[in-house]
Amino acid sequence: MGLLAATLLWGPPGLLLTFALHPALCSSAAPTSGPPHRDYCVLGAGPAGLQMAYFLQRAGRDYAVFERAPRPGSFFSRYPRHRKLISINKRHTGKANAEFNLRHDWNSLLSHDPRLLFRHYSSAYFPDASDMVRYLGDFADRLGLHVLYNTTIAHVTLNKDRQAWNGHYFILIDQMGHAHQCSVLLVATGLSVPNQVDFPGYEHVEGYESVSVDPKDFEGQNVLILGRGNSAFETAENILGVTNFIHMLSRSRVRLSWATHYVGDLRAINNGLLDTYQLKSLDGLLESDLTDLAIVKDHEGKFHVTLKFFLEEGNQTADTITLPQDDNDNFAMRVAYDRVIRCLGWNFDFSIFNKSLRLSSGGEFSKKYPLIKASYESKGSRGLFVLGTASHSVDYRKSAGGFIHGFRYTVRAVHRLLEHRHHSVAWPSTEHPVSQLTSSIVRRVNEASGLYQMFGVLADVALLKENATAFEYLEEFPVQMLAQLESITGRRAGRGLFVINMEYGRDFSGPDKDVFFYDRSVGHTGDAWQSNFLHPVIYYYKGLPTEQEVRFRPANWALPRPTAIHHIVEDFLTDWTAPVGHILPLRRFLENCLDTDLRSFYAESCFLFALTHQKLPPFCQEGYLRTQGLMGAENLRRRRVERGLPRGHASVGRHREDGGQGPKGGPLVPGPPLQPLGGNKEEL
Amino acid sequence: MMSSGFSIYRVGISFVMMCIFYKSAVDCLSELSPQKYFSTLQPGKASLAYFCQADSPRTSIFLEELKEAVKPLQDFGISVTKVNCVKEETSRYCGKEKDLMKVYLFRGNILLREFPTDTLFDVNAIIAHVLFALLFNEVKYLTTVEDLQNIENSLKGRANIAFSYVRAIGTPEHRAVMEAAFVYGTTYQFVLTTEIALLESIGTEAIENAHFYFFHCKQVLDLTQQCRRTLMEQPLTTLNVHRFIKIMEAPLLTEVAEDPQQVSTIHLQLGLPLVFIVSQQATREADRRTAEWVAWHLLGKAGVLLLLRDSLEMDIPQHSNVVFRKAEEGAPVEFLVLHDIDLIISRVESNTYIEEIQEDEDEDMESPDMDIQDDEVAETVYRHRKTQLPLELTVELTEETFNATVVASDSIVLFYAGWQAVSMAFLQSYIDLAIKLKGTSTMLLTRVNCADWSDLCTKQNVTEFPVVKMYKEGKHPVSYAGMLGSEDLLKFILLNRISCPVNITSVQEAEEYLSGESYKDLVPYSSVSVLGLFSPNMTTAKEDFTEAADYLRGCVITGIYSEEDALILSNKYAATLPALLLARHKEGEVESIPLANSRAQDIVQIVTNALLETFPEITVKNLPIYLRLQKPLFILFSDGSINPQYKKAILTLVQEKHLDSLTPCWLNLKNTPVGRVILQTYFDALPPLPCIVVVNLHSGGQVFVFPAEQAITEQNILSWLKKLEAGLESHITILPAQEWKPPLPAYDFLSMMDAAASQHPTRKEPKCTKETNVQENDKKQHEDKSTVRKEPTETLRIKHWNRSNWFKEGEKSFKHDNKEL
């Protein structure tokens, strides 16, 4: 209760949950018969809530979205305070491929309607937040999403019931005291509670959520900003030109997003203060633990920074408190400040959830977020999923799960899991003959946006069918759930699997890394494993790894140790379609994993093989033998004949026989000199 | 054949060649009076004389050129003279008028040729024409393909041919050929042509100014066999021809047992690399065959040697099977491990290529062999990537235009992806088809590049490439399931012009339909016309038939007749309704099959079987259909059309049901040249044709051959088959039953990562590992810098990826070798 009151004090009015808990209703929350029932309840009509509503709607599910504001996306109607979104709105890529273009559209939600792309709402590369509000409103309206506006859910509790999908129902109480019963609860409330730090004098600190955005108010002032995230820098950027100086204080060093490859770190668009600091223009950055500090207001109304430790020395008046500079006369923050502003980020609002839901924060290092599994389901109660920004604990400081361009995909993944769990709809997949494996992978790594944004979190999986002549391709599976893949997707991993992930180089990203070092890029396919920039990595497993293997995988590894691994060499254009540089090594890798020949052949070669071998390579079996052979245009064929067609096949069979006699006994050994080619000696 | 008269002038090849290469600047055109000139003529000696009026200008363009020709011609033993005709002189060679002055070629005092001065437009033309006239016997000038065929046949087993094409007589290339003929004319038969058609007949594609081929006819003993041909790839100059012929003269394959670094052959002297195939006594014969094959392929590009490991004093790295040595002096010997013969060839070819374009970037050469494209489709597509296709002949559809287009007109849509080789290969055939159909088709040919319009393709249920679909108004799109080639797709499009089935409304129309009259233009594409005959009330049967017809759309013509008078037809063709009439147009027969209780599936089966021939010519296209029968193939290989007698004999056997357990067919090597390769696989060398084999493809893979000494008669075949059945015949070979394995290993990134991790337990900065590797290697390699090797360290098969220390050991042995060298 105390927490809730505190929220009231600092929270922006529009953001707050009205405290309206009716004890009577709470206790009599009668099951089944009583409150109206929904299969799916979504809390919050922000981007994540709407995205989930879209998928539920398309699947024809019984759902409702509860939103306390009268329109969607109310967070964006107030934040960011300075109105400039730092998610890019790249309207041109030079490509027509819509899926590829989503890689560079960080604001749109997923839908089938091409009009609902953010580029139709703003032409700015860093768009205005009000365009986002307009966009979200249109998204909900055009798609006819079922949103209950002006409905504030004040309390959520659990009601055990064996009939329920998950053994219990979620009971939602709104501000009118009405109850709503839900089988599945999808929490997309974002992070709404400003982060507070407890230290003496905290009351003198202005919050990001309420500080003036008019630079005039800062004219000729000394400003201290607490925090080092984008909101801190955004605030500083706004007043940089009018203040005497800005000091910025936080516990950890600044993390530049171009060094960490994490979009939540300081973006270059906000980093003007770094420039002025390092160019000796009075502004500056300092590192210290905020909890050790105290702020003292002197008789002139100016603020002094001191240590909590000094305040404990006993009763002192504001002007007599010991300041660090008394002992240490070159103390950095010995100057008096006109304003102290905190920009310390946001936390998840745990207050509305009853204890029985066991929705808790993830401990000291991730207090911001509720504790969830890699499937986005709460660790405390089955059937409660956290979506959107609040689900960022899964990939905090790694990829984009806390942002629209990341969670739009994780929401889709959650929806797919739910479809299987409650409606027996297996994870969507396409099935192809194995000769199409290389192409399937090449296609995805070149266009898939979910893999690209949620690298390391969502990965494609190719499941080999029995005897490995075909495979099923699953897109954007939450890869940390790999061990449970069969049970949560309804697909079988019969004979091994490939996982297609995107990765930066192991030691490339980090706040202290030089990402521009000379020779940072790898061009040679043989060195592909040393690629630094984001590139596709393919893992091969003979069987699904166990939960243990996933959990205790080697440090720095996105996935457990595979049987074999392939890196497609990084590419400056992120275009991995080069026949020899990208596709050929990938094919060799797949061939060696599957122990088969995945080359494609013209019908004439298949004809030759059909009459000179008892078995045919997969491409001929799947194409030629089904009268779908590739005849080849005349000019292609003619050239081939000249060069002595068909090449490189006759020795295949014999290799194995000889391999056995190799000195080390494995079929691996290159073996004695070349085999006679038998056949095509005469063809010149 | 040989011209004895001129051999005496061939003073020694080297001398002559030298003279050719050093152009003489000395102007020594002697001037004589006619009388004087004729008195100097020596018997048997050739001389060229320019008769001109004494008062003509001292210089002219022609004279300048003639002066230049003096020295080269002297080198060939031909003197050049300017003869000044004085007015009162009455020699018949002195023309009457200034501009009628001519040049004459004499041998002794016999006139061989006279040339108008404009023929001899420059020094090249002068030399070319003079030598051409003198070497009349040595250099055959041909104009027709038959001439070439005849000369080739006549020389088989006797001599090799130097064939050249030049654009015109008197060109510098012509001169080069003539100069070569002067030297080599007695050793090889020179053949010259200016006919493009002749050049095309031997399969040259990109016709340039000039081409020079060497026909290896001398070792051809079988007259039916063609002479091998080697094209000189360098420009046609005297020097290149000389080099080329020298290489052709060198032994194809040499066996050596010494250090590859020490070996020297003519190839090396001529700047070509050497390829050593490493062999040992045990596998010598097989390796020799391999090496010969390689040598043929590399003829003119590299020298090939067989290196016997056993008798070698030095050590060759254990696993390497090929040694490669570049021609440059001091270039290191490379020890390679190549799993595929083609890699040797591509290595040499890529090497020469790199040498041509980037002479000093040797580092690039270290790319491992795995980077060589061994997918034939990807390779051809890549090679043609710069060829501009007339794509505009097909309509490119986008997300915006797709729906409107396929609704507005009947369309064929090719879904492809620009990066996917198979679909790009097919795109070429598709464009070929568009060219063929240009302006004639009612069907719109369109394409969608799924690399651009991914969502559109997914919506159309296209998830692999290529896919062809037909969109017809008011109908579900039909996927094309035939061969990916322009002919088959053409057939599909044409047969889809008519409805499936065609609704026939009168008996007369039905008769026309069965006779093939109704759809004359389509009959070539559908050897059989199917007609379903029903009485009007047979609703279910009709539905089944219609369903079957729909399934068969695009592969055969189908029609339906269900009027009251259907009985007229059923009586005529002795069919009970419901019935199927199959009209075979080629044979002019109509067969009837009762359809009672046949479901759509059965009907499809009946029709499909009807399309099979009893003794078909097997082709690349139709083999899959016959393989479905799952019977051993009985194949008669024929060089050209099948002898009608053989055909008759086999057809009789078929009729007498002796061949029921087999699929009898014949293969025309002219139509299906790959058949030769098949025969070679069965026999090692091409057997005399025709030849009959039985191939037990589906159980055992044995290949049996009908004895070549027996005549192909009904009787003989039958008794052979009996013996075969009784197990009395032994097979000549068994087709390999192995699965298709990866052609090459993949990069073993996992162990590379492990290696890096173990070397740097704390930091894994990629760069450092690289440097360390280099240092480590340096230590060992300092001792012999000239020997650089390909380390096969990165090329292990996955099976052995996990803690196999094989590669460590391999590496050790390498380094050990280094010391020894």
# chains A, B, ... in the order shown; residues from 1 in each chain; ligands from 1
call {"tool": "residues_around", "arguments": {"residues": "range 40-57 of chain A", "least_positions_apart": "4", "cutoff": "8 Å", "atoms": "only C-alpha atoms", "output": "number ranges by chain"}}
result
A: 61-68, 72-75, 109-111, 136, 139-140, 143, 145-147, 153, 182-190, 387-389, 404, 407-408, 411-412, 415
call {"tool": "select_by_dssp", "arguments": {"residues": "range 436-673 of chain A", "states": "helix (DSSP H, G or I)", "output": "count of residues only"}}
result
93
call {"tool": "residues_around", "arguments": {"residues": "His524 in chain A", "least_positions_apart": "4", "cutoff": "8 Å", "atoms": "only C-alpha atoms", "output": "list in words"}}
result
Ala528, Val569 and Gly581 of chain A
call {"tool": "write_last_selection", "arguments": {"atoms": "N, CA and C atoms", "output": "tab-separated table (two decimals), in the first residue's frame"}}
result
chain	number	residue	atom	x	y	z
A	528	ALA	N	35.36	-17.26	-41.39
A	528	ALA	CA	34.02	-16.75	-41.07
A	528	ALA	C	33.70	-16.80	-39.58
A	569	VAL	N	30.04	-15.93	-43.44
A	569	VAL	CA	30.95	-14.80	-43.20
A	569	VAL	C	30.19	-13.48	-43.23
A	581	GLY	N	30.96	-17.21	-51.95
A	581	GLY	CA	31.33	-16.70	-50.63
A	581	GLY	C	30.37	-17.11	-49.53
call {"tool": "select_by_dssp", "arguments": {"residues": "range 665-773 of chain B", "states": "strand (DSSP E)", "output": "mmCIF file with C-alpha atoms, in the first residue's frame"}}
result
data_model
loop_
_atom_site.group_PDB
_atom_site.id
_atom_site.type_symbol
_atom_site.label_atom_id
_atom_site.label_comp_id
_atom_site.auth_asym_id
_atom_site.auth_seq_id
_atom_site.Cartn_x
_atom_site.Cartn_y
_atom_site.Cartn_z
ATOM 1 C CA CYS B 665 14.010 -49.346 -74.992
ATOM 2 C CA TRP B 666 16.725 -47.980 -77.222
ATOM 3 C CA LEU B 667 19.012 -45.024 -76.972
ATOM 4 C CA ASN B 668 20.066 -42.842 -79.863
ATOM 5 C CA CYS B 691 25.025 -52.873 -78.442
ATOM 6 C CA ILE B 692 22.402 -54.276 -76.131
ATOM 7 C CA VAL B 693 22.633 -54.210 -72.373
ATOM 8 C CA VAL B 694 20.339 -55.190 -69.579
ATOM 9 C CA VAL B 695 20.695 -52.964 -66.549
ATOM 10 C CA GLN B 702 24.292 -55.665 -62.490
ATOM 11 C CA VAL B 703 24.896 -54.768 -66.100
ATOM 12 C CA PHE B 704 24.780 -57.554 -68.663
ATOM 13 C CA VAL B 705 25.802 -57.246 -72.237
ATOM 14 C CA THR B 733 29.936 -54.543 -64.078
ATOM 15 C CA ILE B 734 27.878 -53.707 -61.035
#
call {"tool": "residues_around", "arguments": {"residues": "Ala295 in chain B", "least_positions_apart": "2", "cutoff": "9 Å", "atoms": "only C-alpha atoms", "output": "PyMOL selection string"}}
result
chain B and resi 252-253+275+290-293+297-299+302-305
call {"tool": "closest_residue", "arguments": {"among": "B:Pro466, B:Gly516, B:Gly482, B:Pro501", "to": "chain A", "atoms": "only C-alpha atoms"}}
result
B:Gly482
call {"tool": "residues_around", "arguments": {"residues": "range 254-267 of chain B", "least_positions_apart": "2", "cutoff": "8 Å", "atoms": "only C-alpha atoms", "output": "compact mmCIF listing (two decimals) with N, CA, C and O atoms, in the first residue's frame"}}
result
# COMPACT_ATOMS: atom_id res chain seq x y z
N LYS B 246 54.41 -27.36 -80.10
CA LYS B 246 55.43 -28.01 -79.27
C LYS B 246 54.77 -28.79 -78.13
O LYS B 246 55.16 -29.89 -77.78
N ILE B 247 53.78 -28.15 -77.55
CA ILE B 247 53.10 -28.81 -76.43
C ILE B 247 52.34 -30.04 -76.91
O ILE B 247 52.33 -31.08 -76.28
N ALA B 250 54.62 -32.89 -77.24
CA ALA B 250 55.17 -33.46 -76.01
C ALA B 250 54.33 -34.66 -75.60
O ALA B 250 53.15 -34.72 -75.89
N PRO B 251 54.95 -35.62 -74.92
CA PRO B 251 54.17 -36.78 -74.48
C PRO B 251 53.03 -36.33 -73.57
O PRO B 251 53.20 -35.41 -72.78
N LEU B 252 51.91 -37.00 -73.70
CA LEU B 252 50.72 -36.61 -72.95
C LEU B 252 50.98 -36.74 -71.46
O LEU B 252 50.59 -35.90 -70.67
N GLN B 269 59.29 -25.02 -69.67
CA GLN B 269 60.05 -24.07 -70.48
C GLN B 269 59.13 -23.12 -71.23
O GLN B 269 59.49 -21.99 -71.51
N LEU B 270 57.94 -23.61 -71.52
CA LEU B 270 57.01 -22.76 -72.26
C LEU B 270 56.09 -21.99 -71.32
O LEU B 270 55.10 -21.40 -71.74
N GLY B 271 56.41 -22.04 -70.04
CA GLY B 271 55.66 -21.20 -69.10
C GLY B 271 54.36 -21.81 -68.62
O GLY B 271 53.49 -21.12 -68.13
N LEU B 272 54.23 -23.14 -68.75
CA LEU B 272 53.01 -23.78 -68.25
C LEU B 272 53.31 -24.47 -66.93
O LEU B 272 54.42 -24.96 -66.70
N PRO B 273 52.33 -24.53 -66.05
CA PRO B 273 52.56 -25.22 -64.77
C PRO B 273 52.60 -26.74 -64.95
O PRO B 273 52.18 -27.27 -65.98
N LEU B 274 53.10 -27.40 -63.93
CA LEU B 274 53.13 -28.86 -63.95
C LEU B 274 52.21 -29.40 -62.87
O LEU B 274 52.14 -28.86 -61.78
N PHE B 276 51.53 -32.90 -60.90
CA PHE B 276 51.98 -34.26 -60.62
C PHE B 276 50.86 -35.00 -59.92
O PHE B 276 50.34 -34.55 -58.92
N ALA B 302 48.66 -27.21 -69.04
CA ALA B 302 49.62 -27.64 -68.04
C ALA B 302 50.21 -28.97 -68.46
O ALA B 302 49.62 -29.68 -69.27
N GLY B 303 51.36 -29.28 -67.92
CA GLY B 303 51.94 -30.58 -68.15
C GLY B 303 51.51 -31.51 -67.04
O GLY B 303 51.42 -31.10 -65.89
N VAL B 304 51.22 -32.77 -67.38
CA VAL B 304 50.76 -33.70 -66.35
C VAL B 304 51.76 -34.82 -66.23
O VAL B 304 52.22 -35.38 -67.23
N LEU B 305 52.12 -35.15 -65.02
CA LEU B 305 53.10 -36.21 -64.77
C LEU B 305 52.58 -37.14 -63.70
O LEU B 305 51.82 -36.73 -62.82
N LEU B 306 53.01 -38.36 -63.79
CA LEU B 306 52.64 -39.33 -62.77
C LEU B 306 53.86 -39.50 -61.86
O LEU B 306 54.94 -39.83 -62.33
N LEU B 307 53.67 -39.23 -60.61
CA LEU B 307 54.80 -39.24 -59.67
C LEU B 307 54.66 -40.47 -58.80
O LEU B 307 53.68 -40.63 -58.08
N LEU B 308 55.65 -41.35 -58.90
CA LEU B 308 55.56 -42.60 -58.13
C LEU B 308 56.15 -42.40 -56.75
O LEU B 308 57.34 -42.19 -56.58
N ARG B 309 55.27 -42.49 -55.80
CA ARG B 309 55.65 -42.23 -54.41
C ARG B 309 56.66 -43.28 -53.91
O ARG B 309 57.61 -42.94 -53.23
N SER B 311 58.96 -45.05 -55.35
CA SER B 311 60.35 -45.02 -55.79
C SER B 311 60.98 -43.65 -55.60
O SER B 311 61.99 -43.33 -56.19
N LEU B 312 60.34 -42.87 -54.78
CA LEU B 312 60.82 -41.52 -54.58
C LEU B 312 61.71 -41.46 -53.35
O LEU B 312 61.41 -42.10 -52.34
N GLU B 313 62.77 -40.72 -53.46
CA GLU B 313 63.68 -40.63 -52.31
C GLU B 313 63.11 -39.71 -51.24
O GLU B 313 63.29 -39.91 -50.07
N MET B 314 62.46 -38.69 -51.71
CA MET B 314 61.94 -37.71 -50.76
C MET B 314 60.58 -38.14 -50.21
O MET B 314 59.96 -39.07 -50.70
N VAL B 323 50.55 -32.76 -56.73
CA VAL B 323 51.58 -31.75 -56.50
C VAL B 323 51.47 -30.75 -57.63
O VAL B 323 51.29 -31.13 -58.79
N ARG B 325 53.04 -27.33 -59.46
CA ARG B 325 54.21 -26.48 -59.54
C ARG B 325 54.01 -25.44 -60.63
O ARG B 325 53.75 -25.76 -61.78
N VAL B 333 56.67 -25.39 -54.66
CA VAL B 333 55.89 -26.56 -55.03
C VAL B 333 54.76 -26.68 -54.02
O VAL B 333 54.98 -26.54 -52.83
call {"tool": "closest_residue", "arguments": {"among": "B:Leu338, B:Ile151, B:Leu32, B:Ala481", "to": "His319 in chain B", "atoms": "only C-alpha atoms"}}
result
B:Leu338
call {"tool": "closest_residue", "arguments": {"among": "A:Pro536, A:Gly526, A:Pro324, A:Gly207", "to": "chain B", "atoms": "only C-alpha atoms"}}
result
A:Gly526
call {"tool": "residues_around", "arguments": {"residues": "Gln196 in chain A", "least_positions_apart": "3", "cutoff": "9 Å", "atoms": "only C-alpha atoms", "output": "PyMOL selection string"}}
result
chain A and resi 193+202+342+344-346
call {"tool": "residues_around", "arguments": {"residues": "Val515 in chain A", "least_positions_apart": "6", "cutoff": "10 Å", "atoms": "only C-alpha atoms", "output": "ChimeraX atom specification"}}
result
/A:258-261,508-509,532-533
call {"tool": "atom_distance", "arguments": {"atom1": "CA of Ile498 in chain B", "atom2": "CA of Thr442 in chain B"}}
result
11.6 Å
call {"tool": "closest_residue", "arguments": {"among": "A:Asp214, A:Asp597, A:Glu431, A:Asp283", "to": "Lys465 in chain A", "atoms": "only C-alpha atoms"}}
result
A:Glu431
call {"tool": "closest_residue", "arguments": {"among": "B:Trp740, B:Ala327, B:Gln508, B:Gln281", "to": "Cys620 in chain A", "atoms": "only C-alpha atoms"}}
result
B:Trp740
call {"tool": "closest_residue", "arguments": {"among": "A:Phe118, A:Phe170, A:Phe245, A:Tyr624", "to": "chain B", "atoms": "only C-alpha atoms"}}
result
A:Tyr624
